[in-house]
Amino acid sequence: MKRVLFALFMLTATVGITSVEPVSAYTPAPAAVTTAVFNAKVDLMDSQIGAGNITAARATWEEIHDMMLNVLGVTKNSIRTATTPTAEASFRTILNNQTAIYQTIWGLKPDLAGNRVALHSKLGEFSATIY
């Protein structure tokens, strides 16, 4: 009985050890979003809202939101990889502006139709921070 338990223990330990995969600390930088692509998506959402197609506008909003998160990620990565204190400070200023605009946009998004003009304006401001 002891031999069977010992064999099972060894088998379990062997399987557990061989199935461990190495962990990588590398996190790739997010892909950049261009101003042109962002603005085109914002204009699409605006036209969808104007046409009264709120369902499509909400789907487009999700794409715009993902783009904004991507832009914030690129800026954070630029801070991490900055080679000089001046560059880092510059990227921190950009991130602070992006974050403030993002928070305002987040407050506007529940009522896409009612906040159409303000939303379009703030998304334009966010677009201006994309580098």
# chains A, B, ... in the order shown; residues from 1 in each chain; ligands from 1
>>> select_by_dssp(residues="region 12-125 of chain A", states="alpha helix (DSSP H)", output="ChimeraX atom specification")
/A:12-18,35-50,54-81,85-108,116-125
>>> closest_residue(among="A:Arg58, A:Gly50, A:Tyr102, A:Met68", to="Val37 (chain A)", atoms="only C-alpha atoms")
A:Met68
>>> closest_atom_pairs(of="region 87-106 of chain A", to="region 110-113 of chain A", cutoff="12 Å", atoms="only C-alpha atoms", output="JSON lines")
{"residue": "A:Thr104", "atom": "CA", "partner": "A:Pro110", "partner_atom": "CA", "distance": 11.6}
{"residue": "A:Ile105", "atom": "CA", "partner": "A:Pro110", "partner_atom": "CA", "distance": 9.6}
{"residue": "A:Trp106", "atom": "CA", "partner": "A:Pro110", "partner_atom": "CA", "distance": 7.9}
>>> closest_residue(among="A:Glu62, A:Glu88, A:Asp46, A:Glu125", to="Thr75 (chain A)", atoms="only C-alpha atoms")
A:Glu88
>>> residues_around(residues="Leu69 (chain A)", least_positions_apart="5", cutoff="10 Å", atoms="only C-alpha atoms", output="list in words")
Pro30, Val33, Glu63, Ile64, Val74, Thr75, Thr99 and Tyr102 of chain A
>>> atom_distance(atom1="CA of Ser78 (chain A)", atom2="CA of Arg92 (chain A)")
9.0 Å
>>> closest_residue(among="A:Asn115, A:Asn70, A:Asn39, A:Thr83", to="Ser127 (chain A)", atoms="only C-alpha atoms")
A:Asn39
>>> atom_distance(atom1="CA of Thr60 (chain A)", atom2="CA of Met45 (chain A)")
5.8 Å
